[in-house]
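protein12.json, holding JSON, C-alpha atoms:
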```json
[["chain", "number", "residue", "atom", "x", "y", "z"],
["A", 232, "MET", "CA", -4.79, 4.82, 8.47],
["A", 233, "ARG", "CA", -8.36, 5.55, 7.57],
["A", 234, "GLU", "CA", -10.30, 3.73, 4.85],
["A", 235, "ARG", "CA", -11.75, 6.86, 3.31],
["A", 236, "LEU", "CA", -8.33, 7.43, 1.77],
["A", 237, "PHE", "CA", -9.27, 5.38, -1.24],
["A", 238, "GLY", "CA", -11.58, 8.02, -2.61],
["A", 239, "ILE", "CA", -9.29, 9.74, -5.05],
["A", 240, "GLY", "CA", -8.74, 13.30, -3.93],
["A", 241, "ASP", "CA", -8.97, 12.45, -0.23],
["A", 242, "ASP", "CA", -6.00, 13.17, 1.99],
["A", 243, "TYR", "CA", -5.26, 11.45, 5.28],
["A", 244, "TRP", "CA", -2.53, 11.33, 7.87],
["A", 245, "ILE", "CA", -0.65, 8.28, 9.04],
["A", 246, "GLU", "CA", 0.27, 8.62, 12.70],
["A", 247, "ASP", "CA", 2.85, 6.77, 14.76],
["A", 248, "THR", "CA", 2.02, 4.96, 18.01],
["A", 249, "GLU", "CA", 2.30, 8.23, 19.96],
["A", 250, "GLY", "CA", -0.23, 9.96, 17.69],
["A", 251, "ARG", "CA", 2.34, 12.13, 15.86],
["A", 252, "LYS", "CA", 1.64, 12.79, 12.20],
["A", 253, "VAL", "CA", 4.36, 11.02, 10.21],
["A", 254, "PHE", "CA", 3.11, 10.68, 6.62],
["A", 255, "LEU", "CA", 0.38, 12.34, 4.59],
["A", 256, "VAL", "CA", -1.24, 10.34, 1.80],
["A", 257, "ASP", "CA", -2.33, 12.89, -0.77],
["A", 258, "GLY", "CA", -4.86, 11.48, -3.24],
["A", 259, "LYS", "CA", -4.74, 13.33, -6.54],
["A", 260, "ALA", "CA", -8.18, 14.10, -7.95],
["A", 261, "MET", "CA", -9.14, 14.51, -11.59],
["A", 262, "ARG", "CA", -6.57, 12.07, -12.95],
["A", 263, "VAL", "CA", -7.11, 9.36, -15.55],
["A", 264, "ARG", "CA", -5.45, 6.81, -13.27],
["A", 265, "ASP", "CA", -5.25, 6.38, -9.51],
["A", 266, "THR", "CA", -2.46, 8.59, -8.18],
["A", 267, "PHE", "CA", -1.26, 9.22, -4.63],
["A", 268, "GLU", "CA", 1.71, 11.00, -3.09],
["A", 269, "LEU", "CA", 3.12, 9.91, 0.24],
["A", 270, "LYS", "CA", 4.58, 13.00, 1.94],
["A", 271, "ASP", "CA", 6.54, 13.38, 5.15],
["A", 272, "ALA", "CA", 5.34, 15.62, 7.98],
["A", 273, "GLN", "CA", 7.11, 18.61, 6.37],
["A", 274, "GLY", "CA", 5.21, 18.13, 3.09],
["A", 275, "ARG", "CA", 8.10, 16.65, 1.07],
["A", 276, "ILE", "CA", 7.14, 13.88, -1.36],
["A", 277, "VAL", "CA", 8.67, 10.60, -0.18],
["A", 278, "VAL", "CA", 7.15, 8.31, -2.81],
["A", 279, "GLU", "CA", 4.59, 8.58, -5.60],
["A", 280, "ILE", "CA", 2.05, 5.85, -6.26],
["A", 281, "ARG", "CA", 0.45, 5.44, -9.69],
["A", 282, "GLN", "CA", -1.70, 2.96, -11.50],
["A", 283, "LYS", "CA", 0.04, 1.61, -14.59],
["A", 284, "LEU", "CA", -2.19, 2.42, -17.55],
["A", 285, "LEU", "CA", -1.34, -0.23, -20.11],
["A", 286, "SER", "CA", -0.99, -3.70, -18.61],
["A", 287, "LEU", "CA", -2.79, -7.03, -18.87],
["A", 288, "ARG", "CA", -3.44, -7.14, -15.13],
["A", 289, "ASP", "CA", -4.01, -4.14, -12.89],
["A", 290, "THR", "CA", -0.62, -2.91, -11.75],
["A", 291, "MET", "CA", 0.48, -0.15, -9.39],
["A", 292, "LEU", "CA", 3.89, 1.54, -9.51],
["A", 293, "ILE", "CA", 5.80, 3.14, -6.65],
["A", 294, "GLU", "CA", 8.39, 5.76, -7.60],
["A", 295, "ARG", "CA", 10.96, 7.70, -5.61],
["A", 296, "ASP", "CA", 12.67, 10.75, -7.09],
["A", 297, "GLY", "CA", 11.35, 9.86, -10.57],
["A", 298, "GLU", "CA", 12.80, 6.34, -10.48],
["A", 299, "GLN", "CA", 10.64, 3.23, -10.26],
["A", 300, "LEU", "CA", 11.05, 1.66, -6.84],
["A", 301, "ALA", "CA", 8.49, -1.15, -7.03],
["A", 302, "LYS", "CA", 5.73, -2.73, -9.13],
["A", 303, "ILE", "CA", 2.73, -4.43, -7.50],
["A", 304, "LYS", "CA", 0.28, -6.84, -9.12],
["A", 305, "ARG", "CA", -1.88, -9.80, -8.16],
["A", 306, "LYS", "CA", -0.22, -13.19, -8.41],
["A", 307, "ARG", "CA", -1.70, -15.33, -11.16],
["A", 308, "LEU", "CA", -2.38, -18.51, -9.24],
["A", 309, "SER", "CA", -3.82, -17.59, -5.86],
["A", 310, "LEU", "CA", -7.14, -19.31, -5.35],
["A", 311, "LEU", "CA", -7.90, -19.17, -1.63],
["A", 312, "ARG", "CA", -6.51, -15.84, -0.45],
["A", 313, "ASN", "CA", -5.65, -12.51, -1.95],
["A", 314, "HIS", "CA", -2.02, -12.76, -2.97],
["A", 315, "TYR", "CA", 0.08, -9.98, -4.48],
["A", 316, "ARG", "CA", 3.66, -9.82, -5.70],
["A", 317, "VAL", "CA", 5.86, -6.75, -5.18],
["A", 318, "THR", "CA", 8.86, -6.58, -7.49],
["A", 319, "LEU", "CA", 11.48, -4.07, -6.39],
["A", 320, "ALA", "CA", 13.71, -2.26, -8.89],
["A", 321, "ASP", "CA", 16.66, -4.53, -8.01],
["A", 322, "GLY", "CA", 14.60, -7.66, -8.77],
["A", 323, "THR", "CA", 13.88, -8.54, -5.13],
["A", 324, "GLU", "CA", 10.35, -9.87, -4.66],
["A", 325, "LEU", "CA", 8.09, -9.32, -1.67],
["A", 326, "ASP", "CA", 4.99, -11.38, -1.04],
["A", 327, "VAL", "CA", 1.70, -9.91, 0.19],
["A", 328, "SER", "CA", -1.03, -12.27, 1.35],
["A", 329, "GLY", "CA", -4.03, -12.42, 3.62],
["A", 330, "LYS", "CA", -7.54, -11.01, 3.71],
["A", 331, "ILE", "CA", -6.84, -7.76, 1.88],
["A", 332, "LEU", "CA", -10.39, -6.38, 1.83],
["A", 333, "ASP", "CA", -10.67, -7.11, 5.57],
["A", 334, "ARG", "CA", -7.39, -5.23, 6.15],
["A", 335, "GLU", "CA", -5.74, -8.35, 7.56],
["A", 336, "PHE", "CA", -2.59, -9.14, 5.58],
["A", 337, "ALA", "CA", 1.19, -9.37, 5.78],
["A", 338, "VAL", "CA", 4.19, -8.37, 3.67],
["A", 339, "ASP", "CA", 7.15, -10.71, 3.76],
["A", 340, "TYR", "CA", 10.45, -11.32, 2.04],
["A", 341, "ASP", "CA", 11.63, -14.89, 1.59],
["A", 342, "GLY", "CA", 9.46, -16.07, 4.48],
["A", 343, "GLU", "CA", 10.53, -13.26, 6.84],
["A", 344, "LEU", "CA", 7.75, -10.95, 8.04],
["A", 345, "LEU", "CA", 8.39, -7.28, 7.20],
["A", 346, "ALA", "CA", 5.02, -5.70, 8.02],
["A", 347, "GLN", "CA", 1.60, -6.71, 9.20],
["A", 348, "ILE", "CA", -1.56, -4.77, 8.43],
["A", 349, "SER", "CA", -4.51, -5.30, 10.75],
["A", 350, "ARG", "CA", -7.85, -3.77, 11.63],
["A", 351, "ARG", "CA", -8.12, -6.02, 14.72],
["A", 352, "TRP", "CA", -5.62, -3.97, 16.74],
["A", 353, "LEU", "CA", -7.85, -0.89, 16.76],
["A", 354, "THR", "CA", -11.35, -0.29, 18.02],
["A", 355, "VAL", "CA", -12.31, 2.45, 15.57],
["A", 356, "ARG", "CA", -14.02, 0.76, 12.60],
["A", 357, "ASP", "CA", -12.51, 2.78, 9.75],
["A", 358, "THR", "CA", -8.96, 2.70, 11.13],
["A", 359, "TYR", "CA", -6.29, 0.04, 10.86],
["A", 360, "GLY", "CA", -2.67, -0.33, 11.80],
["A", 361, "ILE", "CA", 0.53, -1.13, 9.97],
["A", 362, "ASP", "CA", 3.13, -2.79, 12.16],
["A", 363, "ILE", "CA", 6.55, -2.58, 10.51],
["A", 364, "VAL", "CA", 8.42, -5.46, 12.09],
["A", 365, "ARG", "CA", 11.99, -4.82, 10.94],
["A", 366, "GLU", "CA", 13.56, -1.62, 12.20],
["A", 367, "ASP", "CA", 15.77, -1.32, 9.11],
["A", 368, "ALA", "CA", 12.80, -1.64, 6.71],
["A", 369, "ASP", "CA", 11.79, 1.24, 4.43],
["A", 370, "ALA", "CA", 8.61, 2.40, 6.20],
["A", 371, "ALA", "CA", 7.47, 4.63, 3.33],
["A", 372, "LEU", "CA", 7.83, 1.76, 0.85],
["A", 373, "LEU", "CA", 5.87, -0.67, 3.04],
["A", 374, "ILE", "CA", 3.10, 1.89, 3.61],
["A", 375, "ALA", "CA", 2.96, 2.54, -0.14],
["A", 376, "VAL", "CA", 2.77, -1.22, -0.78],
["A", 377, "ALA", "CA", -0.20, -1.46, 1.61],
["A", 378, "VAL", "CA", -1.96, 1.41, -0.21],
["A", 379, "CYS", "CA", -1.35, -0.21, -3.61],
["A", 380, "VAL", "CA", -2.53, -3.66, -2.56],
["A", 381, "ILE", "CA", -5.75, -2.31, -1.06],
["A", 382, "VAL", "CA", -6.46, -0.18, -4.15],
["A", 383, "LEU", "CA", -5.88, -3.18, -6.45],
["A", 384, "ALA", "CA", -8.01, -5.51, -4.30],
["A", 385, "GLU", "CA", -10.89, -3.01, -4.20],
["A", 386, "LYS", "CA", -10.76, -2.57, -8.00],
["A", 387, "GLU", "CA", -10.83, -6.34, -8.46],
["A", 388, "TYR", "CA", -13.75, -6.68, -6.03],
["A", 389, "GLU", "CA", -15.72, -3.95, -7.85],
["A", 390, "ASP", "CA", -15.18, -5.71, -11.20]]
```
Produce structure tokens that represent the structure in this file.
Amino acid sequence: MRERLFGIGDDYWIEDTEGRKVFLVDGKAMRVRDTFELKDAQGRIVVEIRQKLLSLRDTMLIERDGEQLAKIKRKRLSLLRNHYRVTLADGTELDVSGKILDREFAVDYDGELLAQISRRWLTVRDTYGIDIVREDADAALLIAVAVCVIVLAEKEYED
């Protein structure tokens, strides 16, 4: 993934370890709120990512086929590290913690690592990797979670 993605209106490809284009993150320009579409290599929308407009804390929503799949927001009491909570539609909660702005964080469920995001694996400065640990995990959802968390952390840092 490339950092420039977070300029709304920018598009960028997510490639697998062999360099094949797997997902396209399509940033939608000229919107009141941050909006992205995650598309497969054939251009089909896999998930949509939107900023929730009316909420006490910044919140991002992930939707699939018009149905809310997940809601992401910063945990209230996280003093030392960036800490975000992902609440799935079925009530399951995922935990995201680490150095978000440094692109060094993990997504886990009940203490089990699902994905790890890291800039350290790659030598190109504006690129970072997402290692999805569980083979049965929803890759599109975990990539969308990473996008949301980084967007939220950057907004918080700017404020």
Do you have the CA of Tyr340 in chain A-CA of Gly258 in chain A distance handy? 28.0 Å
Counting only C-alpha atoms, what is within 8 Å of Ile381 in chain A, bar same-chain residues fewer than 6 positions away, as JSON, numbers by chain? {"A": [331, 332, 334]}
Near Gln347 in chain A, counting only C-alpha atoms, which residues have an atom at most 12 Å away, once you skip same-chain residues fewer than 2 positions from it, shown as a PyMOL selection string? chain A and resi 326-331+334-339+343-345+349-352+359-365+370+373-374+376-377
Would you mind exporting the chosen residues as a PDB file, keeping the file's coordinate frame, restricted to C-alpha atoms?
```pdb
ATOM      1  CA  ASP A 326       4.990 -11.380  -1.040  1.00  0.00           C
ATOM      2  CA  VAL A 327       1.700  -9.910   0.190  1.00  0.00           C
ATOM      3  CA  SER A 328      -1.030 -12.270   1.350  1.00  0.00           C
ATOM      4  CA  GLY A 329      -4.030 -12.420   3.620  1.00  0.00           C
ATOM      5  CA  LYS A 330      -7.540 -11.010   3.710  1.00  0.00           C
ATOM      6  CA  ILE A 331      -6.840  -7.760   1.880  1.00  0.00           C
ATOM      7  CA  ARG A 334      -7.390  -5.230   6.150  1.00  0.00           C
ATOM      8  CA  GLU A 335      -5.740  -8.350   7.560  1.00  0.00           C
ATOM      9  CA  PHE A 336      -2.590  -9.140   5.580  1.00  0.00           C
ATOM     10  CA  ALA A 337       1.190  -9.370   5.780  1.00  0.00           C
ATOM     11  CA  VAL A 338       4.190  -8.370   3.670  1.00  0.00           C
ATOM     12  CA  ASP A 339       7.150 -10.710   3.760  1.00  0.00           C
ATOM     13  CA  GLU A 343      10.530 -13.260   6.840  1.00  0.00           C
ATOM     14  CA  LEU A 344       7.750 -10.950   8.040  1.00  0.00           C
ATOM     15  CA  LEU A 345       8.390  -7.280   7.200  1.00  0.00           C
ATOM     16  CA  SER A 349      -4.510  -5.300  10.750  1.00  0.00           C
ATOM     17  CA  ARG A 350      -7.850  -3.770  11.630  1.00  0.00           C
ATOM     18  CA  ARG A 351      -8.120  -6.020  14.720  1.00  0.00           C
ATOM     19  CA  TRP A 352      -5.620  -3.970  16.740  1.00  0.00           C
ATOM     20  CA  TYR A 359      -6.290   0.040  10.860  1.00  0.00           C
ATOM     21  CA  GLY A 360      -2.670  -0.330  11.800  1.00  0.00           C
ATOM     22  CA  ILE A 361       0.530  -1.130   9.970  1.00  0.00           C
ATOM     23  CA  ASP A 362       3.130  -2.790  12.160  1.00  0.00           C
ATOM     24  CA  ILE A 363       6.550  -2.580  10.510  1.00  0.00           C
ATOM     25  CA  VAL A 364       8.420  -5.460  12.090  1.00  0.00           C
ATOM     26  CA  ARG A 365      11.990  -4.820  10.940  1.00  0.00           C
ATOM     27  CA  ALA A 370       8.610   2.400   6.200  1.00  0.00           C
ATOM     28  CA  LEU A 373       5.870  -0.670   3.040  1.00  0.00           C
ATOM     29  CA  ILE A 374       3.100   1.890   3.610  1.00  0.00           C
ATOM     30  CA  VAL A 376       2.770  -1.220  -0.780  1.00  0.00           C
ATOM     31  CA  ALA A 377      -0.200  -1.460   1.610  1.00  0.00           C
TER      32      ALA A 377
END
```
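Take the candidates A:Tyr388, A:Phe267, A:Tyr243, A:Phe254 and check each one against Ile293 in chain A using all atoms listed in the file; the shortest distance goes to A:Phe267.
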Using all atoms listed in the file, list the residues that have an atom at most 12 Å from (7.8, 17.5, 7.8), coordinates as in the file, as a short mmCIF file (atom, residue, chain, number, x, y, z; two decimals) with C-alpha atoms, in the frame of the given file.
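Full text of point.cif as output:
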```
data_model
loop_
_atom_site.label_atom_id
_atom_site.label_comp_id
_atom_site.auth_asym_id
_atom_site.auth_seq_id
_atom_site.Cartn_x
_atom_site.Cartn_y
_atom_site.Cartn_z
CA ARG A 251 2.34 12.13 15.86
CA LYS A 252 1.64 12.79 12.20
CA VAL A 253 4.36 11.02 10.21
CA PHE A 254 3.11 10.68 6.62
CA LEU A 255 0.38 12.34 4.59
CA LEU A 269 3.12 9.91 0.24
CA LYS A 270 4.58 13.00 1.94
CA ASP A 271 6.54 13.38 5.15
CA ALA A 272 5.34 15.62 7.98
CA GLN A 273 7.11 18.61 6.37
CA GLY A 274 5.21 18.13 3.09
CA ARG A 275 8.10 16.65 1.07
CA ILE A 276 7.14 13.88 -1.36
CA VAL A 277 8.67 10.60 -0.18
#
```
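CA of Asp296 in chain A lies 18.9 Å from CA of Val317 in chain A.
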Compare A:Ile303, A:Val256, A:Ile348, A:Ile245 by their minimum atom-to-atom distance to Met291 in chain A, counting all atoms listed in the file, and give me the closest one. A:Ile303
So how far away is CA of Asp341 in chain A from CA of Val378 in chain A, in Å? 21.3 Å
Taking 2 positions as the minimum chain separation for residues in the same chain, which residues sit within 12 Å of Glu387 in chain A when counting all atoms listed in the file? Answer as a list in words. Arg288, Asp289, Thr290, Lys304, Arg305, Asn313, Ile331, Leu332, Val380, Ile381, Val382, Leu383, Ala384, Glu385, Glu389 and Asp390 of chain A
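Remark: for Leu300 in chain A, the closest of the candidate residues A:Leu372, A:Thr266, A:Arg316, A:Cys379 is A:Leu372 (distances computed over only C-alpha atoms).
If all atoms listed in the file are the atoms counted, then among A:Ala320, A:Val278, A:Leu325, A:Ala375 the closest residue to Ala301 in chain A is A:Ala320.
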